[in-house]
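Asker: Input data.pdb, format and content: PDB, C-alpha atoms and all ligand atoms.
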ATOM      1  CA  MET A 830     123.564 -55.824 -76.071
ATOM      2  CA  VAL A 831     124.031 -54.604 -79.623
ATOM      3  CA  TYR A 832     126.423 -55.856 -82.286
ATOM      4  CA  ILE A 833     127.713 -52.764 -84.032
ATOM      5  CA  ASN A 834     130.162 -51.749 -86.694
ATOM      6  CA  ILE A 835     133.462 -50.344 -85.381
ATOM      7  CA  ASN A 836     132.780 -47.020 -87.132
ATOM      8  CA  GLU A 837     129.611 -46.556 -85.079
ATOM      9  CA  LEU A 838     131.391 -46.908 -81.721
ATOM     10  CA  LYS A 839     131.206 -43.860 -79.487
ATOM     11  CA  VAL A 840     133.367 -42.802 -76.545
ATOM     12  CA  GLY A 841     131.569 -44.072 -73.453
ATOM     13  CA  ASP A 842     130.107 -47.190 -75.120
ATOM     14  CA  ILE A 843     130.447 -50.197 -72.821
ATOM     15  CA  LEU A 844     131.898 -53.455 -74.081
ATOM     16  CA  SER A 845     129.548 -56.358 -73.355
ATOM     17  CA  GLU A 846     131.879 -59.261 -74.247
ATOM     18  CA  ASP A 847     135.524 -59.926 -73.313
ATOM     19  CA  LEU A 848     137.936 -59.280 -76.156
ATOM     20  CA  TYR A 849     140.898 -61.681 -76.558
ATOM     21  CA  ASN A 850     144.214 -61.690 -78.386
ATOM     22  CA  ASP A 851     145.464 -64.765 -80.242
ATOM     23  CA  ASN A 852     147.152 -66.100 -77.089
ATOM     24  CA  GLY A 853     143.811 -66.183 -75.331
ATOM     25  CA  ALA A 854     144.716 -63.249 -73.071
ATOM     26  CA  VAL A 855     141.993 -60.705 -72.379
ATOM     27  CA  LEU A 856     142.678 -57.416 -74.176
ATOM     28  CA  LEU A 857     139.588 -55.616 -72.900
ATOM     29  CA  ARG A 858     137.099 -56.870 -70.356
ATOM     30  CA  ASN A 859     133.346 -57.021 -70.562
ATOM     31  CA  GLY A 860     132.122 -53.805 -68.888
ATOM     32  CA  THR A 861     135.011 -51.620 -70.118
ATOM     33  CA  LYS A 862     133.929 -48.075 -70.960
ATOM     34  CA  LEU A 863     135.525 -47.242 -74.299
ATOM     35  CA  THR A 864     137.816 -44.240 -74.634
ATOM     36  CA  THR A 865     139.036 -42.557 -77.844
ATOM     37  CA  PHE A 866     142.349 -44.378 -77.376
ATOM     38  CA  ALA A 867     140.636 -47.756 -76.924
ATOM     39  CA  ILE A 868     138.494 -47.259 -80.036
ATOM     40  CA  GLU A 869     141.543 -46.358 -82.137
ATOM     41  CA  ARG A 870     143.360 -49.424 -80.756
ATOM     42  CA  LEU A 871     140.419 -51.657 -81.686
ATOM     43  CA  LYS A 872     140.549 -50.303 -85.239
ATOM     44  CA  LEU A 873     144.286 -51.018 -85.412
ATOM     45  CA  LEU A 874     143.616 -54.595 -84.310
ATOM     46  CA  GLY A 875     141.402 -55.016 -87.360
ATOM     47  CA  ILE A 876     138.125 -55.441 -85.507
ATOM     48  CA  ASN A 877     135.119 -54.867 -87.755
ATOM     49  CA  SER A 878     132.279 -55.173 -85.267
ATOM     50  CA  LEU A 879     131.718 -55.982 -81.638
ATOM     51  CA  TYR A 880     129.124 -56.228 -78.889
ATOM     52  CA  VAL A 881     128.390 -53.221 -76.703
ATOM     53  CA  GLU A 882     125.618 -52.564 -74.223
ATOM     54  CA  GLY A 883     122.547 -51.151 -75.918
ATOM     55  CA  GLU A 884     119.778 -49.089 -74.292
ATOM     56  CA  ILE A 885     116.953 -50.409 -76.432
ATOM     57  CA  ASP A 886     117.536 -54.078 -75.895
ATOM     58  CA  ASN A 887     119.421 -54.544 -72.636
ATOM     59  CA  ASP A 888     117.332 -57.626 -71.944
ATOM     60  CA  ILE A 889     118.694 -59.456 -74.957
ATOM     61  CA  LYS A 890     121.789 -61.500 -74.213
ATOM     62  CA  VAL A 891     123.198 -63.341 -77.196
ATOM     63  CA  GLN A 892     125.341 -66.222 -76.001
ATOM     64  CA  SER A 893     127.862 -68.574 -77.509
ATOM     65  CA  LEU A 894     127.087 -72.299 -77.253
ATOM     66  CA  MET A 895     130.627 -72.892 -75.976
ATOM     67  CA  PRO A 896     132.505 -71.124 -73.145
ATOM     68  CA  ASN A 897     135.332 -68.750 -74.090
ATOM     69  CA  SER A 898     137.842 -70.755 -72.025
ATOM     70  CA  PHE A 899     137.184 -73.802 -74.219
ATOM     71  CA  LYS A 900     137.335 -71.762 -77.416
ATOM     72  CA  ASN A 901     140.678 -70.287 -76.331
ATOM     73  CA  ARG A 902     142.011 -73.804 -75.794
ATOM     74  CA  ILE A 903     140.871 -74.891 -79.268
ATOM     75  CA  ALA A 904     142.513 -71.790 -80.772
ATOM     76  CA  SER A 905     145.768 -72.453 -78.969
ATOM     77  CA  ASN A 906     145.806 -76.099 -80.160
ATOM     78  CA  LEU A 907     145.119 -74.980 -83.731
ATOM     79  CA  LYS A 908     147.865 -72.404 -83.533
ATOM     80  CA  THR A 909     150.423 -75.072 -82.605
ATOM     81  CA  ILE A 910     148.816 -77.485 -85.107
ATOM     82  CA  SER A 911     148.235 -80.087 -82.414
ATOM     83  CA  ILE A 912     146.196 -82.660 -84.331
ATOM     84  CA  SER A 913     145.506 -85.085 -81.449
ATOM     85  CA  SER A 914     144.286 -82.234 -79.201
ATOM     86  CA  THR A 915     142.080 -80.963 -82.019
ATOM     87  CA  VAL A 916     140.492 -84.417 -82.441
ATOM     88  CA  TYR A 917     139.777 -84.388 -78.697
ATOM     89  CA  ASN A 918     138.405 -80.818 -78.861
ATOM     90  CA  ALA A 919     136.114 -81.844 -81.723
ATOM     91  CA  LYS A 920     134.391 -84.372 -79.433
ATOM     92  CA  ASN A 921     133.739 -81.576 -76.927
ATOM     93  CA  VAL A 922     132.387 -79.256 -79.622
ATOM     94  CA  VAL A 923     129.848 -81.992 -80.410
ATOM     95  CA  SER A 924     128.982 -82.376 -76.705
ATOM     96  CA  TYR A 925     128.265 -78.653 -76.358
ATOM     97  CA  VAL A 926     126.114 -78.570 -79.483
ATOM     98  CA  LEU A 927     124.162 -81.715 -78.520
ATOM     99  CA  GLU A 928     123.567 -80.272 -75.055
ATOM    100  CA  ALA A 929     122.166 -77.108 -76.680
ATOM    101  CA  PHE A 930     119.865 -79.282 -78.827
ATOM    102  CA  LYS A 931     118.659 -81.086 -75.673
ATOM    103  CA  LEU A 932     117.865 -77.747 -74.043
ATOM    104  CA  ASN A 933     116.233 -76.497 -77.236
ATOM    105  CA  ASN A 934     118.726 -73.675 -77.084
ATOM    106  CA  VAL A 935     120.379 -73.791 -80.517
ATOM    107  CA  SER A 936     120.936 -70.409 -82.081
ATOM    108  CA  LEU A 937     123.356 -69.014 -84.604
ATOM    109  CA  ASP A 938     122.790 -65.438 -83.449
ATOM    110  CA  TYR A 939     126.114 -65.170 -81.663
ATOM    111  CA  MET A 940     128.979 -63.386 -83.418
ATOM    112  CA  GLU A 941     132.127 -62.910 -81.376
ATOM    113  CA  ASN A 942     134.553 -60.024 -81.436
ATOM    114  CA  ARG A 943     137.356 -60.838 -83.871
ATOM    115  CA  THR A 944     140.709 -59.256 -84.574
ATOM    116  CA  ASP A 945     142.868 -59.890 -87.663
ATOM    117  CA  GLU A 946     145.152 -62.022 -85.466
ATOM    118  CA  THR A 947     142.403 -64.203 -84.080
ATOM    119  CA  TYR A 948     140.125 -64.329 -87.134
ATOM    120  CA  LEU A 949     141.308 -67.659 -88.558
ATOM    121  CA  PHE A 950     141.015 -69.499 -85.250
ATOM    122  CA  GLN A 951     137.620 -68.033 -84.353
ATOM    123  CA  HIS A 952     136.431 -68.706 -87.900
ATOM    124  CA  SER A 953     137.529 -72.374 -87.678
ATOM    125  CA  ILE A 954     135.714 -72.780 -84.353
ATOM    126  CA  ALA A 955     132.562 -71.097 -85.679
ATOM    127  CA  VAL A 956     132.608 -73.274 -88.806
ATOM    128  CA  ALA A 957     132.876 -76.387 -86.600
ATOM    129  CA  GLU A 958     129.945 -75.253 -84.441
ATOM    130  CA  ILE A 959     127.777 -74.437 -87.470
ATOM    131  CA  ALA A 960     128.776 -77.669 -89.248
ATOM    132  CA  VAL A 961     127.784 -79.785 -86.240
ATOM    133  CA  ILE A 962     124.440 -77.979 -85.981
ATOM    134  CA  ILE A 963     123.782 -78.735 -89.656
ATOM    135  CA  GLY A 964     124.964 -82.333 -89.202
ATOM    136  CA  LYS A 965     122.628 -82.824 -86.258
ATOM    137  CA  ALA A 966     119.755 -81.320 -88.267
ATOM    138  CA  LEU A 967     120.583 -83.911 -90.949
ATOM    139  CA  ASN A 968     120.403 -86.682 -88.287
ATOM    140  CA  LEU A 969     124.057 -87.705 -88.491
ATOM    141  CA  GLU A 970     125.221 -90.090 -85.728
ATOM    142  CA  GLU A 971     127.283 -88.718 -82.827
ATOM    143  CA  GLU A 972     130.496 -90.412 -83.976
ATOM    144  CA  THR A 973     130.018 -89.003 -87.476
ATOM    145  CA  LEU A 974     129.433 -85.559 -85.970
ATOM    146  CA  GLU A 975     132.767 -85.861 -84.149
ATOM    147  CA  ASP A 976     134.542 -86.591 -87.441
ATOM    148  CA  LEU A 977     132.682 -83.699 -89.053
ATOM    149  CA  ALA A 978     133.786 -81.380 -86.219
ATOM    150  CA  THR A 979     137.416 -82.539 -86.641
ATOM    151  CA  SER A 980     137.258 -81.843 -90.370
ATOM    152  CA  ALA A 981     135.678 -78.421 -89.774
ATOM    153  CA  LEU A 982     138.183 -77.382 -87.085
ATOM    154  CA  LEU A 983     141.016 -78.333 -89.455
ATOM    155  CA  HIS A 984     139.449 -77.145 -92.719
ATOM    156  CA  ASP A 985     141.797 -74.158 -93.096
ATOM    157  CA  ILE A 986     144.849 -75.848 -91.561
ATOM    158  CA  GLY A 987     146.533 -75.368 -94.960
ATOM    159  CA  LYS A 988     146.791 -71.672 -94.084
ATOM    160  CA  LEU A 989     148.744 -72.520 -90.927
ATOM    161  CA  VAL A 990     151.118 -75.308 -91.855
ATOM    162  CA  SER A 991     154.619 -74.373 -92.837
ATOM    163  CA  ARG A 992     154.468 -73.626 -96.514
ATOM    164  CA  LYS A 993     158.197 -74.032 -96.935
ATOM    165  CA  ASP A 994     158.147 -77.556 -95.513
ATOM    166  CA  LEU A 995     155.195 -78.540 -97.618
ATOM    167  CA  VAL A 996     156.534 -77.024-100.772
ATOM    168  CA  LYS A 997     159.732 -78.986-100.209
ATOM    169  CA  GLN A 998     157.796 -82.115 -99.468
ATOM    170  CA  LEU A 999     155.570 -81.697-102.521
ATOM    171  CA  GLU A1000     158.466 -80.584-104.690
ATOM    172  CA  MET A1001     156.474 -77.538-105.770
ATOM    173  CA  LYS A1002     157.805 -74.218-106.884
ATOM    174  CA  LEU A1003     156.100 -71.481-104.974
ATOM    175  CA  ASP A1004     156.400 -67.757-105.110
ATOM    176  CA  ASP A1005     155.718 -66.519-101.586
ATOM    177  CA  LYS A1006     154.362 -63.282-103.023
ATOM    178  CA  ASP A1007     151.614 -65.067-104.906
ATOM    179  CA  GLU A1008     148.935 -64.805-102.213
ATOM    180  CA  ASN A1009     146.108 -65.745-104.547
ATOM    181  CA  PHE A1010     147.932 -68.919-105.526
ATOM    182  CA  LEU A1011     148.606 -69.725-101.869
ATOM    183  CA  TYR A1012     144.965 -69.143-101.048
ATOM    184  CA  LYS A1013     143.848 -71.395-103.854
ATOM    185  CA  ILE A1014     146.040 -74.282-102.745
ATOM    186  CA  HIS A1015     145.297 -74.084 -98.997
ATOM    187  CA  PRO A1016     142.807 -77.013 -99.120
ATOM    188  CA  PHE A1017     145.469 -79.110-100.845
ATOM    189  CA  LEU A1018     148.192 -78.025 -98.396
ATOM    190  CA  GLY A1019     145.975 -78.980 -95.464
ATOM    191  CA  TYR A1020     145.088 -82.323 -97.017
ATOM    192  CA  SER A1021     148.740 -83.043 -97.790
ATOM    193  CA  TYR A1022     149.774 -82.204 -94.238
ATOM    194  CA  LEU A1023     147.209 -84.602 -92.795
ATOM    195  CA  TYR A1024     148.230 -87.315 -95.224
ATOM    196  CA  ASN A1025     150.922 -88.190 -92.649
ATOM    197  CA  PHE A1026     148.302 -88.823 -89.971
ATOM    198  CA  PRO A1027     146.798 -92.270 -90.657
ATOM    199  CA  GLU A1028     144.558 -91.903 -87.589
ATOM    200  CA  ILE A1029     142.662 -89.108 -89.376
ATOM    201  CA  LYS A1030     139.882 -90.711 -91.402
ATOM    202  CA  ALA A1031     139.571 -90.321 -95.171
ATOM    203  CA  THR A1032     136.184 -88.598 -94.738
ATOM    204  CA  VAL A1033     137.815 -85.942 -92.536
ATOM    205  CA  LYS A1034     140.566 -85.384 -95.102
ATOM    206  CA  ASN A1035     138.015 -85.232 -97.934
ATOM    207  CA  GLY A1036     136.167 -82.461 -96.054
ATOM    208  CA  ILE A1037     139.359 -80.406 -95.962
ATOM    209  CA  LEU A1038     140.401 -81.059 -99.569
ATOM    210  CA  PHE A1039     137.019 -80.214-101.078
ATOM    211  CA  HIS A1040     135.661 -77.444 -98.816
ATOM    212  CA  HIS A1041     135.956 -74.894-101.646
ATOM    213  CA  ILE A1042     134.242 -77.066-104.262
ATOM    214  CA  ASN A1043     130.786 -75.843-105.218
ATOM    215  CA  GLU A1044     127.680 -77.913-105.825
ATOM    216  CA  ASN A1045     128.322 -77.632-109.593
ATOM    217  CA  LEU A1046     131.873 -78.963-108.966
ATOM    218  CA  GLN A1047     133.483 -75.623-109.822
ATOM    219  CA  GLY A1048     135.927 -74.148-107.312
ATOM    220  CA  PHE A1049     139.452 -74.964-106.175
ATOM    221  CA  PRO A1050     142.097 -76.409-105.821
ATOM    222  CA  ASP A1051     142.416 -76.170-109.603
ATOM    223  CA  ALA A1052     144.904 -79.044-109.755
ATOM    224  CA  ILE A1053     142.058 -81.523-109.260
ATOM    225  CA  ALA A1054     139.957 -81.735-112.421
ATOM    226  CA  PRO A1055     136.163 -81.348-111.964
ATOM    227  CA  GLN A1056     135.504 -84.983-112.926
ATOM    228  CA  LYS A1057     137.883 -86.093-110.157
ATOM    229  CA  ARG A1058     136.255 -83.931-107.493
ATOM    230  CA  LYS A1059     134.219 -86.102-105.155
ATOM    231  CA  PRO A1060     133.117 -83.994-102.184
ATOM    232  CA  TYR A1061     131.762 -86.140 -99.364
ATOM    233  CA  ILE A1062     128.909 -84.727 -97.266
ATOM    234  CA  PHE A1063     131.427 -83.254 -94.777
ATOM    235  CA  ALA A1064     132.918 -81.073 -97.538
ATOM    236  CA  LYS A1065     129.452 -79.876 -98.600
ATOM    237  CA  ILE A1066     128.461 -79.002 -95.024
ATOM    238  CA  ILE A1067     131.774 -77.277 -94.255
ATOM    239  CA  GLN A1068     131.585 -75.321 -97.527
ATOM    240  CA  ILE A1069     128.202 -73.889 -96.473
ATOM    241  CA  ALA A1070     129.242 -73.194 -92.855
ATOM    242  CA  ASP A1071     132.422 -71.542 -94.166
ATOM    243  CA  ALA A1072     130.585 -69.367 -96.703
ATOM    244  CA  TYR A1073     128.051 -68.266 -94.091
ATOM    245  CA  ASP A1074     130.630 -67.414 -91.443
ATOM    246  CA  ASN A1075     132.825 -65.456 -93.858
ATOM    247  CA  ALA A1076     129.889 -63.644 -95.452
ATOM    248  CA  ARG A1077     128.397 -62.538 -92.123
ATOM    249  CA  HIS A1078     131.732 -61.058 -91.065
ATOM    250  CA  PHE A1079     132.942 -59.721 -94.395
ATOM    251  CA  ASN A1080     129.907 -58.360 -96.160
ATOM    252  CA  GLY A1081     130.651 -54.830 -95.016
ATOM    253  CA  THR A1082     127.619 -54.455 -92.795
ATOM    254  CA  ASN A1083     128.315 -57.535 -90.645
ATOM    255  CA  ASN A1084     124.762 -58.536 -91.247
ATOM    256  CA  PRO A1085     123.940 -62.273 -91.017
ATOM    257  CA  ALA A1086     120.721 -61.648 -92.946
ATOM    258  CA  LEU A1087     122.762 -60.762 -96.045
ATOM    259  CA  ALA A1088     124.908 -63.857 -95.530
ATOM    260  CA  LEU A1089     121.721 -65.928 -95.490
ATOM    261  CA  GLU A1090     120.614 -64.355 -98.749
ATOM    262  CA  HIS A1091     123.964 -65.391-100.232
ATOM    263  CA  LEU A1092     123.287 -69.006 -99.224
ATOM    264  CA  LYS A1093     119.695 -69.007-100.453
ATOM    265  CA  SER A1094     120.547 -67.463-103.805
ATOM    266  CA  GLY A1095     123.423 -69.923-104.314
ATOM    267  CA  CYS A1096     121.338 -73.104-103.924
ATOM    268  CA  ASP A1097     121.969 -75.769-106.622
ATOM    269  CA  THR A1098     124.914 -73.898-108.135
ATOM    270  CA  LEU A1099     127.192 -72.961-105.239
ATOM    271  CA  PHE A1100     125.498 -74.831-102.424
ATOM    272  CA  ASN A1101     123.627 -78.074-101.831
ATOM    273  CA  ARG A1102     119.961 -77.171-101.392
ATOM    274  CA  THR A1103     119.098 -79.882 -98.822
ATOM    275  CA  ILE A1104     121.984 -78.823 -96.592
ATOM    276  CA  VAL A1105     121.137 -75.115 -96.877
ATOM    277  CA  GLU A1106     117.530 -75.888 -95.942
ATOM    278  CA  SER A1107     118.677 -77.813 -92.843
ATOM    279  CA  PHE A1108     120.907 -74.903 -91.908
ATOM    280  CA  LEU A1109     118.067 -72.389 -92.314
ATOM    281  CA  GLU A1110     116.065 -74.163 -89.579
ATOM    282  CA  TYR A1111     118.540 -72.741 -87.059
ATOM    283  CA  ALA A1112     119.689 -69.582 -88.796
ATOM    284  CA  PRO A1113     118.913 -66.150 -87.360
ATOM    285  CA  VAL A1114     116.377 -64.943 -89.927
ATOM    286  CA  PHE A1115     115.792 -61.845 -87.804
ATOM    287  CA  PRO A1116     119.148 -61.618 -86.036
ATOM    288  CA  GLY A1117     118.772 -60.490 -82.435
ATOM    289  CA  SER A1118     120.579 -57.417 -81.181
ATOM    290  CA  LEU A1119     121.945 -56.473 -84.535
ATOM    291  CA  SER A1120     122.769 -52.943 -85.500
ATOM    292  CA  ASN A1121     123.503 -52.399 -89.161
ATOM    293  CA  SER A1122     125.856 -49.889 -90.693
ATOM    294  CA  VAL A1123     123.333 -47.057 -90.695
ATOM    295  CA  GLY A1124     122.707 -47.513 -87.016
ATOM    296  CA  GLU A1125     119.239 -49.056 -87.026
ATOM    297  CA  THR A1126     118.578 -51.822 -84.553
ATOM    298  CA  LYS A1127     116.931 -55.008 -85.752
ATOM    299  CA  ASN A1128     115.445 -57.659 -83.504
TER
HETATM  300 FE    FE A1201     139.213 -72.428 -96.784
HETATM  301 FE    FE A1202     137.399 -71.230 -93.961
END
Take the structure I supplied and represent it as structure tokens, if you would.
Ligand SMILES: [Fe+2]
Ligand SMILES: [Fe+2]
Answerer:
Amino acid sequence: MVYININELKVGDILSEDLYNDNGAVLLRNGTKLTTFAIERLKLLGINSLYVEGEIDNDIKVQSLMPNSFKNRIASNLKTISISSTVYNAKNVVSYVLEAFKLNNVSLDYMENRTDETYLFQHSIAVAEIAVIIGKALNLEEETLEDLATSALLHDIGKLVSRKDLVKQLEMKLDDKDENFLYKIHPFLGYSYLYNFPEIKATVKNGILFHHINENLQGFPDAIAPQKRKPYIFAKIIQIADAYDNARHFNGTNNPALALEHLKSGCDTLFNRTIVESFLEYAPVFPGSLSNSVGETKN
């Protein structure tokens, strides 16, 4: 299988992963031969890249650590902002990752097909998986990993909660058109939403509030002054997992190698060096089955 940019797709290419909508329903099945219509539809859905069968490397099968059925359930619980279900799902994320460690089968090669609709949910799940891998590499205890996974699954919950309700609750004035402002307060919105859930630990909430704070304490939300920013290790891990996952999907070539360069070059300013080094132990330095934007295949 080959992970290729949408613009490189050709009529007759065969999909090698199921493609889902945000309700977890299959849009296109693994094995579907792509038509002109299907390719245009995929572009309209906002898909940047996806897996198709490749002649050169048919033997390579890049697999997710977690089954799609489980990931669909997590996505559906996030969509309805079901906090108790998400806490339960976090425990299972940890189980899957620890099982992969036992089997010596941990890899960050896998990149799923994403649409604009499903991006946030798939991103949250990927960040949780990556965060737990980093946490395990840092020898965190299983219970701590479960809290880390909860924090990671919920890290962008501020983008999902009802802004109107929160704005009312926080007595803030908010211009709905100000997307940049909304983006910059999403960690605070998420934290504020979870404030009403005493069963969610302070460390989990800290991870959400500070996941856009850099190693040099720059970042956002701006409302919290740098001297008052105290990111706990969860926030530092989630920040790195988040940056990696976004960079590998958004860097234009969908190339994890460039995302890794972003992490390496940001050590000590953007990112915590010890955590990046733990992450690099499991990162795909030579990503398998990857086709870049000029159509070369890298193994
Ligand atoms: Fe975020
Ligand atoms: Fe994020």
Asker: Using 9 Å as the limit and counting only C-alpha atoms and all ligand atoms, can you tabulate each residue of chain A that touches ligand FE 1201 (chain A), with its shortest atom-to-atom distance in Å and the two atoms involved, as a Markdown table?
Answerer:
| residue | atom | partner | partner_atom | distance |
| --- | --- | --- | --- | --- |
| A:His984 | CA | A:FE1201 | FE | 6.2 |
| A:Asp985 | CA | A:FE1201 | FE | 4.8 |
| A:Ile986 | CA | A:FE1201 | FE | 8.4 |
| A:Gly987 | CA | A:FE1201 | FE | 8.1 |
| A:Lys988 | CA | A:FE1201 | FE | 8.1 |
| A:Tyr1012 | CA | A:FE1201 | FE | 7.9 |
| A:Lys1013 | CA | A:FE1201 | FE | 8.5 |
| A:His1015 | CA | A:FE1201 | FE | 6.7 |
| A:Pro1016 | CA | A:FE1201 | FE | 6.3 |
| A:Ile1037 | CA | A:FE1201 | FE | 8.0 |
| A:His1040 | CA | A:FE1201 | FE | 6.5 |
| A:His1041 | CA | A:FE1201 | FE | 6.4 |
| A:Gln1068 | CA | A:FE1201 | FE | 8.2 |
| A:Asp1071 | CA | A:FE1201 | FE | 7.3 |
Asker: If you apply the PyMOL selection byres (((chain A and resi 1110) around 12) and not hetatm) to this file, what residues do you get, as a PDB file with C-alpha atoms, keeping the file's coordinate frame?
Answerer:
ATOM      1  CA  VAL A 935     120.379 -73.791 -80.517  1.00  0.00           C
ATOM      2  CA  SER A 936     120.936 -70.409 -82.081  1.00  0.00           C
ATOM      3  CA  LEU A 937     123.356 -69.014 -84.604  1.00  0.00           C
ATOM      4  CA  ILE A 959     127.777 -74.437 -87.470  1.00  0.00           C
ATOM      5  CA  ILE A 962     124.440 -77.979 -85.981  1.00  0.00           C
ATOM      6  CA  ILE A 963     123.782 -78.735 -89.656  1.00  0.00           C
ATOM      7  CA  LYS A 965     122.628 -82.824 -86.258  1.00  0.00           C
ATOM      8  CA  ALA A 966     119.755 -81.320 -88.267  1.00  0.00           C
ATOM      9  CA  LEU A 967     120.583 -83.911 -90.949  1.00  0.00           C
ATOM     10  CA  LEU A1089     121.721 -65.928 -95.490  1.00  0.00           C
ATOM     11  CA  THR A1103     119.098 -79.882 -98.822  1.00  0.00           C
ATOM     12  CA  ILE A1104     121.984 -78.823 -96.592  1.00  0.00           C
ATOM     13  CA  VAL A1105     121.137 -75.115 -96.877  1.00  0.00           C
ATOM     14  CA  GLU A1106     117.530 -75.888 -95.942  1.00  0.00           C
ATOM     15  CA  SER A1107     118.677 -77.813 -92.843  1.00  0.00           C
ATOM     16  CA  PHE A1108     120.907 -74.903 -91.908  1.00  0.00           C
ATOM     17  CA  LEU A1109     118.067 -72.389 -92.314  1.00  0.00           C
ATOM     18  CA  TYR A1111     118.540 -72.741 -87.059  1.00  0.00           C
ATOM     19  CA  ALA A1112     119.689 -69.582 -88.796  1.00  0.00           C
ATOM     20  CA  PRO A1113     118.913 -66.150 -87.360  1.00  0.00           C
ATOM     21  CA  VAL A1114     116.377 -64.943 -89.927  1.00  0.00           C
TER      22      VAL A1114
END
Asker: Which neighbours of A:Arg858 fall inside 7 Å, counting all atoms listed in the file, when residues of the same chain fewer than 2 positions from it are skipped, and could you give them as a ChimeraX atom specification?
Answerer: /A:846-848,855-856,860-861
Asker: Taking all listed atoms of stretch 1040-1047 of chain A, build the axis-aligned box, pad each of the six sides by 5 Å, then write its centre and edge lengths in Å to one decimal as AutoDock Vina command-line options.
Answerer:
--center_x 131.8 --center_y -76.9 --center_z -104.3 --size_x 18.3 --size_y 14.1 --size_z 21.0
Asker: Between A:Asp938, A:Glu1044, A:Asp1074, A:Glu946, single out the one closest to ligand FE 1202 (chain A), counting all atoms listed in the file.
Answerer: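 Residue with the minimum atom-to-atom distance to ligand FE 1202 (chain A): A:Asp1074.
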Asker: Enter the distance from atom CA of A:Asn934 to atom CA of A:Tyr1061, in Å, rounded to one decimal.
Answerer: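 We find that atom CA of A:Asn934 and atom CA of A:Tyr1061 lie 28.7 Å from each other.
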Asker: Find the distance between atom CA of A:Asp1097 and atom CA of A:Thr973 and write it in Å to one decimal.
Answerer: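 Interatomic distance here is 24.6 Å.
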Asker: Per residue of stretch 1017-1080 of chain A within 10 Å of stretch 907-922 of chain A, record the nearest atom pair and its distance in Å to one decimal, counting all atoms listed in the file, with rows in chain order and ascending residue number, as a Markdown table.
Answerer:
| residue | atom | partner | partner_atom | distance |
| --- | --- | --- | --- | --- |
| A:Leu1023 | CA | A:Ile912 | CA | 8.7 |
| A:Phe1026 | CA | A:Ile912 | CA | 8.6 |
| A:Glu1028 | CA | A:Ser913 | CA | 9.2 |
| A:Ile1029 | CA | A:Val916 | CA | 8.6 |
Asker: Could you tell me how far atom CA of A:Pro896 lies from atom CA of A:Phe1079, in Å and to one decimal?
Answerer: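 Computing the Euclidean distance for atom CA of A:Pro896 and atom CA of A:Phe1079 yields 24.1 Å.
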Asker: Quick one: residues within 12 Å of stretch 870-874 of chain A, all atoms listed in the file, excluding same-chain residues fewer than 6 positions away - as JSON, numbers by chain?
Answerer: {"A": [834, 835, 836, 837, 838, 844, 848, 849, 850, 851, 856, 857, 863, 864, 942, 943, 944, 945, 946, 947, 948]}
Asker: For stretch 979-990 of chain A, supply N, CA and C atoms and report the output as a PDB file, in the frame of the given file.
Answerer:
ATOM      1  N   THR A 979     135.958 -82.506 -86.438  1.00  0.00           N
ATOM      2  CA  THR A 979     137.416 -82.539 -86.641  1.00  0.00           C
ATOM      3  C   THR A 979     137.757 -81.920 -87.994  1.00  0.00           C
ATOM      4  N   SER A 980     137.018 -82.346 -89.016  1.00  0.00           N
ATOM      5  CA  SER A 980     137.258 -81.843 -90.370  1.00  0.00           C
ATOM      6  C   SER A 980     137.045 -80.323 -90.417  1.00  0.00           C
ATOM      7  N   ALA A 981     135.996 -79.853 -89.750  1.00  0.00           N
ATOM      8  CA  ALA A 981     135.678 -78.421 -89.774  1.00  0.00           C
ATOM      9  C   ALA A 981     136.729 -77.613 -89.008  1.00  0.00           C
ATOM     10  N   LEU A 982     137.154 -78.113 -87.849  1.00  0.00           N
ATOM     11  CA  LEU A 982     138.183 -77.382 -87.085  1.00  0.00           C
ATOM     12  C   LEU A 982     139.477 -77.259 -87.896  1.00  0.00           C
ATOM     13  N   LEU A 983     139.754 -78.298 -88.706  1.00  0.00           N
ATOM     14  CA  LEU A 983     141.016 -78.333 -89.455  1.00  0.00           C
ATOM     15  C   LEU A 983     140.868 -77.861 -90.898  1.00  0.00           C
ATOM     16  N   HIS A 984     139.682 -77.364 -91.287  1.00  0.00           N
ATOM     17  CA  HIS A 984     139.449 -77.145 -92.719  1.00  0.00           C
ATOM     18  C   HIS A 984     140.417 -76.136 -93.338  1.00  0.00           C
ATOM     19  N   ASP A 985     140.863 -75.158 -92.558  1.00  0.00           N
ATOM     20  CA  ASP A 985     141.797 -74.158 -93.096  1.00  0.00           C
ATOM     21  C   ASP A 985     143.216 -74.363 -92.581  1.00  0.00           C
ATOM     22  N   ILE A 986     143.523 -75.575 -92.128  1.00  0.00           N
ATOM     23  CA  ILE A 986     144.849 -75.848 -91.561  1.00  0.00           C
ATOM     24  C   ILE A 986     145.947 -75.586 -92.602  1.00  0.00           C
ATOM     25  N   GLY A 987     145.572 -75.654 -93.871  1.00  0.00           N
ATOM     26  CA  GLY A 987     146.533 -75.368 -94.960  1.00  0.00           C
ATOM     27  C   GLY A 987     147.029 -73.938 -94.938  1.00  0.00           C
ATOM     28  N   LYS A 988     146.316 -73.056 -94.207  1.00  0.00           N
ATOM     29  CA  LYS A 988     146.791 -71.672 -94.084  1.00  0.00           C
ATOM     30  C   LYS A 988     147.795 -71.542 -92.940  1.00  0.00           C
ATOM     31  N   LEU A 989     147.891 -72.595 -92.118  1.00  0.00           N
ATOM     32  CA  LEU A 989     148.744 -72.520 -90.927  1.00  0.00           C
ATOM     33  C   LEU A 989     150.025 -73.340 -91.046  1.00  0.00           C
ATOM     34  N   VAL A 990     149.952 -74.432 -91.809  1.00  0.00           N
ATOM     35  CA  VAL A 990     151.118 -75.308 -91.855  1.00  0.00           C
ATOM     36  C   VAL A 990     152.265 -74.599 -92.575  1.00  0.00           C
TER      37      VAL A 990
END
